[in-house]
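Novice: This is the structure, below, for whatever I ask next.
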There are 2 protein chains.
Amino acid sequence: MSAPTSAFPKRVTIREVGLRDGLQSIAQVMPTERKLEWLRGAYEAGQREIEVSSFVPPRLLPQLADAGEVLAYALTLPGLLASVLVPNLKGAERAIDAGAPLMLLPLSASHAHSLANLRKTPDEVVAEIGRIRAARDAAGCSTLIEVGISTAFGCTIQGRVEPAEVLRLVKAVLDAGVDRVGLADTVGYADPRMVRELFELVLPVAGDRLNCGHFHDTRGLGLANVYAALELGITRFDACLGGIGGCPHAPGASGNVATEDLAYMLASMGIATGQDFDRLIALRGKLAGWLEGETLRGSLWRAGLPKTMLPAAAVH
Amino acid sequence: MSAPTSAFPKRVTIREVGLRDGLQSIAQVMPTERKLEWLRGAYEAGQREIEVSSFVPPRLLPQLADAGEVLAYALTLPGLLASVLVPNLKGAERAIDAGAPLMLLPLSASHAHSLANLRKTPDEVVAEIGRIRAARDAAGCSTLIEVGISTAFGCTIQGRVEPAEVLRLVKAVLDAGVDRVGLADTVGYADPRMVRELFELVLPVAGDRLNCGHFHDTRGLGLANVYAALELGITRFDACLGGIGGCPHAPGASGNVATEDLAYMLASMGIATGQDFDRLIALRGKLAGWLEGETLRGSLWRAGLPKTMLPAAAVH
């Protein structure tokens, strides 16, 4: 095992995934108007990458049935890289037609999770990803293709997931011509040592196309896992405002790392993220009202910024 | 800034500090019998370093007025390194008389916190530590002396604390003849980069006498901070069952890292701590009952161990 690099990045992108990963596991359907208000609020808080919805069949996921409208609104916000999740070629065709800047394709490294989530084996998903790449090329459009390797650190159904299998799938999707790859701890099994070791395994193969870490905070290790990836030069992380989320096919999985806590950790470390804390916390307050009865997580909203990070600290 | 070492330690000690740091900020006095039950439960869960109480004047801290009884019981448990906090020479003399294996002396790196907490400047505390070392030598006893540098990463009263001041105080107490030094984020201001940089600054001076990290989880970074220190070879961490605790002179500070979550992170990383999860979680359940109305924290008790860490996982 090699040592992590000693220098931290100067800038990191937090991709807000609350509107998709967060809402997906919440039964109570959020009205479209509120989603647009959330989207605008996130944008105004400084977020420039947002996963806005998912092009899945509405009957499977009524919560995200308004994907087209939400994406259309996102496209009106200047400089926003909006992404949509697509589970298959059909979804990808909708994303391409709608002019999505980025489509995110989930690929489970766990065979069992892949069958439960997409009713396909991982290799069948890889083949579908090849067809999606071909469809994009045929359309002559610029929609980026990102693959998120889910259950990369273990699976609630299958248990252990071999790092060699993750590496094999990363190679396969890079060969299929995807633009970006991320590693996702879908069910909250990762620890920072696993993160270091798996990213170290994949980085020599994927290089800077490996540029996203997606961590759930199920067992309190979400931010420690981000830190371990950050030490290896990873500069994009998914997060959900208020730490909402989960996975319908991963029983017991709880939410993503909280956007506001991640933004705080990075800012405290001197790493720019472009987030405005006052706006983030205010938006979290609104979200708590919109999702009455749901559990929101995170620490910063309660504790506030340290005295050393308040605007007045400059005066001392 | 140098890179962290690449190898993780094989074994780490978790020191349970709930009976002192945890209870200290809880108004409702826990009966002595329950403290002994907690102590025995922690011991049976595998803990071999426990901070059992504090030799402060009972009128200042009625919660810990039974320090002598609790320590006497701890001394009956074979192989347990029991420690007591002592704020001054008088407390140290009581610890020495009682045969405490270790006494923990707090020294605030924040001048303002030092005055609020001990009514002494940091340099006055250093002088008192010199007198404590002399008293121990005069008594010819083997009580270890550990200094915890509190507010080492910032202070809710003073704000910023200079790393150079922390280093100066560490040198001063090592010169005064203490056996061990730890760095404490008393108020939850640390981030993992600060942890890396401060431990890197102090390690060349203190060597293996710097062997404890004490982190509060006020803003969700407790375990990330542990990980950053672990990467530098630190092998002892303070923690409180259920993440209870705070500091009466640090408004807004919340509890220590949760013992059970820390034990989980380390076990998942393949680092031995000797903790029995079933017993720890059962004890946490008892504690929640004993402290009705208090907020307990942590994640593992709710999420449970990953499937990959359950005894049955070996069968797969």
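Every chain in the structure tokens has a letter given in the order shown (A, B, ...), and although residue numbers restart at 1 in each chain, ligands are simply numbered from 1 in the order shown.
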At a cut-off of 8 Å, using only C-alpha atoms, what residues contact Gly298 (chain A)? Leave out same-chain residues fewer than 3 positions from it and give the result as a PyMOL selection string.
Specialist: (chain A and resi 242-243+257-258+260-261+301) or (chain B and resi 220)
Novice: Go ahead and save the picked residues with N, CA and C atoms, as an mmCIF file, in the first residue's frame.
Specialist:
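Output file out.cif follows:
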data_model
loop_
_atom_site.group_PDB
_atom_site.id
_atom_site.type_symbol
_atom_site.label_atom_id
_atom_site.label_comp_id
_atom_site.auth_asym_id
_atom_site.auth_seq_id
_atom_site.Cartn_x
_atom_site.Cartn_y
_atom_site.Cartn_z
ATOM 1 N N GLY A 242 -29.143 17.872 4.361
ATOM 2 C CA GLY A 242 -29.798 17.231 5.498
ATOM 3 C C GLY A 242 -29.518 15.740 5.607
ATOM 4 N N GLY A 243 -28.607 15.234 4.775
ATOM 5 C CA GLY A 243 -28.225 13.817 4.874
ATOM 6 C C GLY A 243 -29.353 12.848 4.589
ATOM 7 N N VAL A 257 -23.818 11.477 2.940
ATOM 8 C CA VAL A 257 -23.209 12.510 3.772
ATOM 9 C C VAL A 257 -24.006 13.796 3.559
ATOM 10 N N ALA A 258 -24.129 14.580 4.643
ATOM 11 C CA ALA A 258 -24.918 15.814 4.575
ATOM 12 C C ALA A 258 -24.101 16.883 3.856
ATOM 13 N N GLU A 260 -24.193 20.063 3.953
ATOM 14 C CA GLU A 260 -23.714 21.181 4.761
ATOM 15 C C GLU A 260 -22.526 20.770 5.640
ATOM 16 N N ASP A 261 -22.510 19.512 6.120
ATOM 17 C CA ASP A 261 -21.384 19.047 6.931
ATOM 18 C C ASP A 261 -20.142 18.851 6.070
ATOM 19 N N TRP A 301 -25.984 22.144 11.243
ATOM 20 C CA TRP A 301 -27.185 22.973 11.429
ATOM 21 C C TRP A 301 -27.448 23.234 12.916
ATOM 22 N N GLY B 220 -19.567 16.594 13.544
ATOM 23 C CA GLY B 220 -19.569 15.375 12.735
ATOM 24 C C GLY B 220 -18.208 14.932 12.218
#
Novice: Excluding Tyr43 (chain B) and residues on its chain fewer than 4 positions from it, collect all residues at most 12 Å away from it, counting only C-alpha atoms, and give them as a ChimeraX atom specification.
Specialist: /B:14-16,36-39,47-52,73-82,274-276,279-280,283
Novice: Dump N, CA and C atoms for the selected residues as a PDB file, in the first residue's frame?
Specialist:
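Written file, part_0.pdb:
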ATOM      1  N   ILE B  14      -8.791   2.096  22.936  1.00  0.00           N
ATOM      2  CA  ILE B  14      -9.863   3.076  23.151  1.00  0.00           C
ATOM      3  C   ILE B  14      -9.981   3.275  24.657  1.00  0.00           C
ATOM      4  N   ARG B  15      -9.787   4.505  25.095  1.00  0.00           N
ATOM      5  CA  ARG B  15      -9.986   4.774  26.515  1.00  0.00           C
ATOM      6  C   ARG B  15     -11.391   5.315  26.707  1.00  0.00           C
ATOM      7  N   GLU B  16     -12.168   4.625  27.505  1.00  0.00           N
ATOM      8  CA  GLU B  16     -13.541   5.070  27.798  1.00  0.00           C
ATOM      9  C   GLU B  16     -13.462   6.232  28.784  1.00  0.00           C
ATOM     10  N   LEU B  36     -20.624   1.891  39.061  1.00  0.00           N
ATOM     11  CA  LEU B  36     -19.857   0.647  39.180  1.00  0.00           C
ATOM     12  C   LEU B  36     -20.368  -0.390  38.182  1.00  0.00           C
ATOM     13  N   GLU B  37     -21.690  -0.389  37.955  1.00  0.00           N
ATOM     14  CA  GLU B  37     -22.250  -1.320  36.973  1.00  0.00           C
ATOM     15  C   GLU B  37     -21.744  -0.976  35.569  1.00  0.00           C
ATOM     16  N   TRP B  38     -21.709   0.340  35.269  1.00  0.00           N
ATOM     17  CA  TRP B  38     -21.182   0.799  33.983  1.00  0.00           C
ATOM     18  C   TRP B  38     -19.714   0.378  33.825  1.00  0.00           C
ATOM     19  N   LEU B  39     -18.946   0.639  34.897  1.00  0.00           N
ATOM     20  CA  LEU B  39     -17.519   0.320  34.885  1.00  0.00           C
ATOM     21  C   LEU B  39     -17.296  -1.174  34.636  1.00  0.00           C
ATOM     22  N   GLN B  47     -12.828  -3.296  27.642  1.00  0.00           N
ATOM     23  CA  GLN B  47     -12.046  -2.067  27.831  1.00  0.00           C
ATOM     24  C   GLN B  47     -11.036  -2.221  28.966  1.00  0.00           C
ATOM     25  N   ARG B  48      -9.808  -1.778  28.695  1.00  0.00           N
ATOM     26  CA  ARG B  48      -8.732  -1.929  29.675  1.00  0.00           C
ATOM     27  C   ARG B  48      -8.095  -0.601  30.058  1.00  0.00           C
ATOM     28  N   GLU B  49      -8.613   0.506  29.488  1.00  0.00           N
ATOM     29  CA  GLU B  49      -8.243   1.838  29.971  1.00  0.00           C
ATOM     30  C   GLU B  49      -9.539   2.615  30.130  1.00  0.00           C
ATOM     31  N   ILE B  50      -9.792   3.056  31.338  1.00  0.00           N
ATOM     32  CA  ILE B  50     -11.040   3.777  31.622  1.00  0.00           C
ATOM     33  C   ILE B  50     -10.732   4.968  32.530  1.00  0.00           C
ATOM     34  N   GLU B  51     -11.182   6.143  32.124  1.00  0.00           N
ATOM     35  CA  GLU B  51     -11.088   7.307  33.002  1.00  0.00           C
ATOM     36  C   GLU B  51     -12.304   7.244  33.912  1.00  0.00           C
ATOM     37  N   VAL B  52     -12.079   6.999  35.177  1.00  0.00           N
ATOM     38  CA  VAL B  52     -13.208   6.636  36.039  1.00  0.00           C
ATOM     39  C   VAL B  52     -13.858   7.809  36.765  1.00  0.00           C
ATOM     40  N   TYR B  73     -13.141   0.728  43.390  1.00  0.00           N
ATOM     41  CA  TYR B  73     -13.733  -0.429  42.708  1.00  0.00           C
ATOM     42  C   TYR B  73     -12.936  -0.772  41.449  1.00  0.00           C
ATOM     43  N   ALA B  74     -12.557   0.283  40.697  1.00  0.00           N
ATOM     44  CA  ALA B  74     -11.800   0.055  39.453  1.00  0.00           C
ATOM     45  C   ALA B  74     -10.505  -0.706  39.747  1.00  0.00           C
ATOM     46  N   LEU B  75      -9.922  -0.427  40.892  1.00  0.00           N
ATOM     47  CA  LEU B  75      -8.640  -1.069  41.234  1.00  0.00           C
ATOM     48  C   LEU B  75      -8.797  -2.563  41.509  1.00  0.00           C
ATOM     49  N   THR B  76     -10.042  -3.024  41.674  1.00  0.00           N
ATOM     50  CA  THR B  76     -10.256  -4.461  41.902  1.00  0.00           C
ATOM     51  C   THR B  76     -10.358  -5.240  40.582  1.00  0.00           C
ATOM     52  N   LEU B  77     -10.427  -4.529  39.460  1.00  0.00           N
ATOM     53  CA  LEU B  77     -10.601  -5.204  38.163  1.00  0.00           C
ATOM     54  C   LEU B  77      -9.213  -5.499  37.561  1.00  0.00           C
ATOM     55  N   PRO B  78      -8.853  -6.764  37.424  1.00  0.00           N
ATOM     56  CA  PRO B  78      -7.484  -7.122  37.016  1.00  0.00           C
ATOM     57  C   PRO B  78      -7.126  -6.575  35.631  1.00  0.00           C
ATOM     58  N   GLY B  79      -5.949  -5.964  35.546  1.00  0.00           N
ATOM     59  CA  GLY B  79      -5.440  -5.512  34.243  1.00  0.00           C
ATOM     60  C   GLY B  79      -6.046  -4.213  33.747  1.00  0.00           C
ATOM     61  N   LEU B  80      -6.873  -3.555  34.575  1.00  0.00           N
ATOM     62  CA  LEU B  80      -7.483  -2.288  34.144  1.00  0.00           C
ATOM     63  C   LEU B  80      -6.572  -1.121  34.499  1.00  0.00           C
ATOM     64  N   LEU B  81      -6.238  -0.297  33.497  1.00  0.00           N
ATOM     65  CA  LEU B  81      -5.506   0.943  33.765  1.00  0.00           C
ATOM     66  C   LEU B  81      -6.543   2.049  33.983  1.00  0.00           C
ATOM     67  N   ALA B  82      -6.875   2.254  35.251  1.00  0.00           N
ATOM     68  CA  ALA B  82      -7.873   3.267  35.585  1.00  0.00           C
ATOM     69  C   ALA B  82      -7.187   4.623  35.693  1.00  0.00           C
ATOM     70  N   GLY B 274     -10.029  -5.075  21.008  1.00  0.00           N
ATOM     71  CA  GLY B 274     -10.465  -5.915  22.118  1.00  0.00           C
ATOM     72  C   GLY B 274     -11.905  -5.703  22.549  1.00  0.00           C
ATOM     73  N   GLN B 275     -12.692  -4.941  21.768  1.00  0.00           N
ATOM     74  CA  GLN B 275     -14.067  -4.645  22.182  1.00  0.00           C
ATOM     75  C   GLN B 275     -15.035  -5.730  21.680  1.00  0.00           C
ATOM     76  N   ASP B 276     -16.017  -6.019  22.517  1.00  0.00           N
ATOM     77  CA  ASP B 276     -17.078  -6.959  22.166  1.00  0.00           C
ATOM     78  C   ASP B 276     -18.323  -6.134  21.809  1.00  0.00           C
ATOM     79  N   ARG B 279     -21.730  -6.703  23.677  1.00  0.00           N
ATOM     80  CA  ARG B 279     -21.726  -6.161  25.046  1.00  0.00           C
ATOM     81  C   ARG B 279     -21.750  -4.632  25.048  1.00  0.00           C
ATOM     82  N   LEU B 280     -21.005  -4.033  24.124  1.00  0.00           N
ATOM     83  CA  LEU B 280     -20.981  -2.566  24.046  1.00  0.00           C
ATOM     84  C   LEU B 280     -22.373  -2.015  23.753  1.00  0.00           C
ATOM     85  N   LEU B 283     -24.665  -2.414  26.686  1.00  0.00           N
ATOM     86  CA  LEU B 283     -24.331  -1.443  27.734  1.00  0.00           C
ATOM     87  C   LEU B 283     -24.844  -0.052  27.351  1.00  0.00           C
TER      88      LEU B 283
END
Novice: From a DSSP calculation on the backbone, collect every residue of region 101-277 of chain B in strand (DSSP E or B) and output the set as number ranges by chain.
Specialist: B: 102-108, 144-150, 155, 159, 180-185, 210-216, 236-240, 256, 258, 272
Novice: Which parts of region 70-163 of chain B does DSSP call helix (DSSP H, G or I) when run on the backbone here, written out as a JSON list (two decimals) with N, CA, C and O atoms, in the first residue's frame?
Specialist:
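Result went into selection-v4.json, see below:
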[["chain", "number", "residue", "atom", "x", "y", "z"],
["B", 70, "VAL", "N", -15.39, 5.05, 43.34],
["B", 70, "VAL", "CA", -15.37, 4.50, 41.98],
["B", 70, "VAL", "C", -13.96, 4.01, 41.64],
["B", 70, "VAL", "O", -13.78, 2.91, 41.10],
["B", 71, "LEU", "N", -12.97, 4.80, 42.01],
["B", 71, "LEU", "CA", -11.58, 4.38, 41.75],
["B", 71, "LEU", "C", -11.24, 3.11, 42.53],
["B", 71, "LEU", "O", -10.63, 2.18, 41.98],
["B", 72, "ALA", "N", -11.67, 3.05, 43.78],
["B", 72, "ALA", "CA", -11.37, 1.87, 44.60],
["B", 72, "ALA", "C", -11.93, 0.60, 43.95],
["B", 72, "ALA", "O", -11.28, -0.44, 43.91],
["B", 73, "TYR", "N", -13.14, 0.73, 43.39],
["B", 73, "TYR", "CA", -13.73, -0.43, 42.71],
["B", 73, "TYR", "C", -12.94, -0.77, 41.45],
["B", 73, "TYR", "O", -12.66, -1.95, 41.17],
["B", 74, "ALA", "N", -12.56, 0.28, 40.70],
["B", 74, "ALA", "CA", -11.80, 0.06, 39.45],
["B", 74, "ALA", "C", -10.51, -0.71, 39.75],
["B", 74, "ALA", "O", -10.07, -1.54, 38.94],
["B", 89, "LEU", "N", -2.57, 20.29, 42.29],
["B", 89, "LEU", "CA", -1.73, 19.49, 43.18],
["B", 89, "LEU", "C", -2.56, 18.75, 44.23],
["B", 89, "LEU", "O", -2.32, 17.58, 44.53],
["B", 90, "LYS", "N", -3.55, 19.44, 44.76],
["B", 90, "LYS", "CA", -4.41, 18.83, 45.79],
["B", 90, "LYS", "C", -5.09, 17.57, 45.25],
["B", 90, "LYS", "O", -5.10, 16.52, 45.92],
["B", 91, "GLY", "N", -5.65, 17.69, 44.05],
["B", 91, "GLY", "CA", -6.28, 16.53, 43.42],
["B", 91, "GLY", "C", -5.25, 15.43, 43.16],
["B", 91, "GLY", "O", -5.53, 14.24, 43.34],
["B", 92, "ALA", "N", -4.05, 15.83, 42.74],
["B", 92, "ALA", "CA", -2.99, 14.86, 42.45],
["B", 92, "ALA", "C", -2.60, 14.10, 43.71],
["B", 92, "ALA", "O", -2.37, 12.88, 43.68],
["B", 93, "GLU", "N", -2.54, 14.81, 44.83],
["B", 93, "GLU", "CA", -2.20, 14.15, 46.09],
["B", 93, "GLU", "C", -3.25, 13.09, 46.46],
["B", 93, "GLU", "O", -2.91, 12.00, 46.93],
["B", 94, "ARG", "N", -4.52, 13.42, 46.19],
["B", 94, "ARG", "CA", -5.59, 12.43, 46.44],
["B", 94, "ARG", "C", -5.43, 11.21, 45.53],
["B", 94, "ARG", "O", -5.59, 10.07, 45.96],
["B", 95, "ALA", "N", -5.07, 11.49, 44.25],
["B", 95, "ALA", "CA", -4.90, 10.39, 43.29],
["B", 95, "ALA", "C", -3.73, 9.49, 43.70],
["B", 95, "ALA", "O", -3.81, 8.26, 43.62],
["B", 96, "ILE", "N", -2.66, 10.12, 44.14],
["B", 96, "ILE", "CA", -1.47, 9.36, 44.57],
["B", 96, "ILE", "C", -1.82, 8.52, 45.81],
["B", 96, "ILE", "O", -1.52, 7.33, 45.88],
["B", 97, "ASP", "N", -2.48, 9.16, 46.77],
["B", 97, "ASP", "CA", -2.88, 8.44, 48.00],
["B", 97, "ASP", "C", -3.78, 7.25, 47.69],
["B", 97, "ASP", "O", -3.70, 6.20, 48.33],
["B", 98, "ALA", "N", -4.65, 7.44, 46.69],
["B", 98, "ALA", "CA", -5.61, 6.38, 46.36],
["B", 98, "ALA", "C", -4.99, 5.29, 45.49],
["B", 98, "ALA", "O", -5.64, 4.28, 45.21],
["B", 111, "HIS", "N", -5.57, 30.54, 26.46],
["B", 111, "HIS", "CA", -5.41, 31.32, 27.69],
["B", 111, "HIS", "C", -6.78, 31.59, 28.32],
["B", 111, "HIS", "O", -6.99, 31.40, 29.54],
["B", 112, "ALA", "N", -7.73, 31.98, 27.48],
["B", 112, "ALA", "CA", -9.06, 32.33, 27.98],
["B", 112, "ALA", "C", -9.77, 31.11, 28.58],
["B", 112, "ALA", "O", -10.41, 31.20, 29.63],
["B", 113, "HIS", "N", -9.65, 29.95, 27.93],
["B", 113, "HIS", "CA", -10.28, 28.73, 28.44],
["B", 113, "HIS", "C", -9.60, 28.29, 29.73],
["B", 113, "HIS", "O", -10.27, 27.82, 30.67],
["B", 114, "SER", "N", -8.29, 28.47, 29.81],
["B", 114, "SER", "CA", -7.56, 28.08, 31.01],
["B", 114, "SER", "C", -8.06, 28.88, 32.21],
["B", 114, "SER", "O", -8.30, 28.32, 33.28],
["B", 115, "LEU", "N", -8.23, 30.17, 32.01],
["B", 115, "LEU", "CA", -8.73, 31.02, 33.11],
["B", 115, "LEU", "C", -10.15, 30.62, 33.48],
["B", 115, "LEU", "O", -10.49, 30.54, 34.67],
["B", 116, "ALA", "N", -11.00, 30.34, 32.50],
["B", 116, "ALA", "CA", -12.39, 29.98, 32.77],
["B", 116, "ALA", "C", -12.48, 28.62, 33.46],
["B", 116, "ALA", "O", -13.30, 28.42, 34.36],
["B", 117, "ASN", "N", -11.63, 27.69, 33.08],
["B", 117, "ASN", "CA", -11.74, 26.31, 33.54],
["B", 117, "ASN", "C", -10.99, 26.09, 34.86],
["B", 117, "ASN", "O", -11.49, 25.41, 35.75],
["B", 118, "LEU", "N", -9.78, 26.63, 34.97],
["B", 118, "LEU", "CA", -8.95, 26.36, 36.15],
["B", 118, "LEU", "C", -8.56, 27.62, 36.92],
["B", 118, "LEU", "O", -7.85, 27.55, 37.93],
["B", 122, "PRO", "N", -2.07, 29.25, 31.42],
["B", 122, "PRO", "CA", -1.40, 28.00, 31.04],
["B", 122, "PRO", "C", -0.04, 27.85, 31.72],
["B", 122, "PRO", "O", 0.30, 26.74, 32.17],
["B", 123, "ASP", "N", 0.72, 28.92, 31.85],
["B", 123, "ASP", "CA", 2.05, 28.78, 32.46],
["B", 123, "ASP", "C", 1.95, 28.47, 33.96],
["B", 123, "ASP", "O", 2.79, 27.75, 34.50],
["B", 124, "GLU", "N", 0.93, 28.99, 34.59],
["B", 124, "GLU", "CA", 0.70, 28.64, 36.01],
["B", 124, "GLU", "C", 0.35, 27.15, 36.13],
["B", 124, "GLU", "O", 0.77, 26.49, 37.08],
["B", 125, "VAL", "N", -0.38, 26.64, 35.14],
["B", 125, "VAL", "CA", -0.72, 25.21, 35.16],
["B", 125, "VAL", "C", 0.55, 24.37, 34.94],
["B", 125, "VAL", "O", 0.75, 23.35, 35.60],
["B", 126, "VAL", "N", 1.42, 24.83, 34.04],
["B", 126, "VAL", "CA", 2.68, 24.11, 33.81],
["B", 126, "VAL", "C", 3.48, 24.04, 35.12],
["B", 126, "VAL", "O", 4.03, 22.99, 35.48],
["B", 127, "ALA", "N", 3.52, 25.15, 35.84],
["B", 127, "ALA", "CA", 4.26, 25.18, 37.11],
["B", 127, "ALA", "C", 3.64, 24.19, 38.10],
["B", 127, "ALA", "O", 4.36, 23.45, 38.80],
["B", 128, "GLU", "N", 2.31, 24.13, 38.13],
["B", 128, "GLU", "CA", 1.61, 23.19, 39.02],
["B", 128, "GLU", "C", 1.94, 21.74, 38.62],
["B", 128, "GLU", "O", 2.13, 20.87, 39.49],
["B", 129, "ILE", "N", 2.06, 21.51, 37.32],
["B", 129, "ILE", "CA", 2.39, 20.16, 36.84],
["B", 129, "ILE", "C", 3.79, 19.77, 37.34],
["B", 129, "ILE", "O", 4.02, 18.62, 37.72],
["B", 130, "GLY", "N", 4.70, 20.72, 37.36],
["B", 130, "GLY", "CA", 6.03, 20.47, 37.92],
["B", 130, "GLY", "C", 5.94, 20.05, 39.39],
["B", 130, "GLY", "O", 6.61, 19.10, 39.83],
["B", 131, "ARG", "N", 5.07, 20.73, 40.14],
["B", 131, "ARG", "CA", 4.90, 20.38, 41.56],
["B", 131, "ARG", "C", 4.26, 19.00, 41.71],
["B", 131, "ARG", "O", 4.58, 18.25, 42.64],
["B", 132, "ILE", "N", 3.38, 18.67, 40.78],
["B", 132, "ILE", "CA", 2.73, 17.35, 40.83],
["B", 132, "ILE", "C", 3.77, 16.24, 40.57],
["B", 132, "ILE", "O", 3.79, 15.21, 41.25],
["B", 133, "ARG", "N", 4.64, 16.48, 39.60],
["B", 133, "ARG", "CA", 5.70, 15.50, 39.31],
["B", 133, "ARG", "C", 6.57, 15.33, 40.56],
["B", 133, "ARG", "O", 6.93, 14.20, 40.94],
["B", 134, "ALA", "N", 6.91, 16.44, 41.23],
["B", 134, "ALA", "CA", 7.74, 16.38, 42.43],
["B", 134, "ALA", "C", 7.03, 15.60, 43.54],
["B", 134, "ALA", "O", 7.65, 14.80, 44.25],
["B", 135, "ALA", "N", 5.71, 15.84, 43.66],
["B", 135, "ALA", "CA", 4.94, 15.14, 44.70],
["B", 135, "ALA", "C", 4.92, 13.64, 44.43],
["B", 135, "ALA", "O", 5.03, 12.82, 45.35],
["B", 136, "ARG", "N", 4.76, 13.29, 43.17],
["B", 136, "ARG", "CA", 4.77, 11.85, 42.83],
["B", 136, "ARG", "C", 6.12, 11.24, 43.19],
["B", 136, "ARG", "O", 6.20, 10.16, 43.78],
["B", 137, "ASP", "N", 7.20, 11.92, 42.82],
["B", 137, "ASP", "CA", 8.53, 11.39, 43.11],
["B", 137, "ASP", "C", 8.74, 11.25, 44.62],
["B", 137, "ASP", "O", 9.29, 10.25, 45.09],
["B", 138, "ALA", "N", 8.28, 12.27, 45.35],
["B", 138, "ALA", "CA", 8.45, 12.25, 46.80],
["B", 138, "ALA", "C", 7.68, 11.08, 47.41],
["B", 138, "ALA", "O", 8.13, 10.46, 48.39],
["B", 139, "ALA", "N", 6.53, 10.76, 46.81],
["B", 139, "ALA", "CA", 5.72, 9.65, 47.33],
["B", 139, "ALA", "C", 6.28, 8.29, 46.91],
["B", 139, "ALA", "O", 5.86, 7.26, 47.45],
["B", 163, "PRO", "N", -0.94, 26.89, 16.76],
["B", 163, "PRO", "CA", -0.19, 25.64, 16.89],
["B", 163, "PRO", "C", 1.15, 25.83, 17.61],
["B", 163, "PRO", "O", 1.57, 24.96, 18.38]]
Novice: For Ala224 (chain B), list every protein, DNA or RNA residue within 7 Å, evaluated using only C-alpha atoms, and leave out those in the same chain fewer than 2 positions away; present the list as a list in words.
Specialist: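 Everything that qualifies: Leu223, Ala224 and Tyr227 of chain A; Pro192, Leu221, Gly222, Val226, Tyr227 and Ala228 of chain B.
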Novice: Measuring atom to atom with only C-alpha atoms, identify which of A:Thr218, A:Thr235, A:Thr273, A:Ser110 is nearest to chain B.
Specialist: A:Thr218
Novice: Which of these residues is nearest to chain B, using only C-alpha atoms: A:Leu107, A:Ala7, A:Ala184, A:Leu241?
Specialist: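 Using only C-alpha atoms, the shortest distance to chain B belongs to A:Ala7.
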Novice: Within 12 Å of Arg219 (chain B), counting only C-alpha atoms, which residues qualify if same-chain residues fewer than 5 places away don't, as a ChimeraX atom specification?
Specialist: /A:220,223,258,260-265,268,297-306 /B:185,187-191,224-225,252-257
Novice: Pick out the closest residue to chain A from this set: B:Met194, B:Leu144, B:Cys212, B:Ala206. Count only C-alpha atoms.
Specialist: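 Among the listed residues, B:Met194 lies closest to chain A.
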Novice: What's the separation between CA of Asp238 (chain A) and CA of Ser150 (chain A), in Å to one decimal place?
Specialist: 12.7 Å
Novice: Between CA of Ala229 (chain A) and CA of Thr259 (chain B), what distance in Å does the model show, to one decimal?
Specialist: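 Between CA of Ala229 (chain A) and CA of Thr259 (chain B) the gap is 24.2 Å.
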Novice: Could you check which of A:Val195, A:Leu169, A:Leu210, A:Leu183 is closest to chain B, using only C-alpha atoms?
Specialist: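 Closest to chain B of all the choices is A:Val195.
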Novice: Give the answer as one residue: which of A:Glu69, A:Asp208, A:Asp278, A:Glu197 has the shortest atom-to-atom distance to Val181 (chain A), using only C-alpha atoms?
Specialist: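 Selected residue with least distance to Val181 (chain A): A:Asp208.
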Novice: Using only C-alpha atoms, which of A:Lys307, A:Phe277, A:His214, A:Val170 sits nearest Cys155 (chain B)?
Specialist: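 Among the listed residues, the smallest separation from Cys155 (chain B) belongs to A:Lys307.
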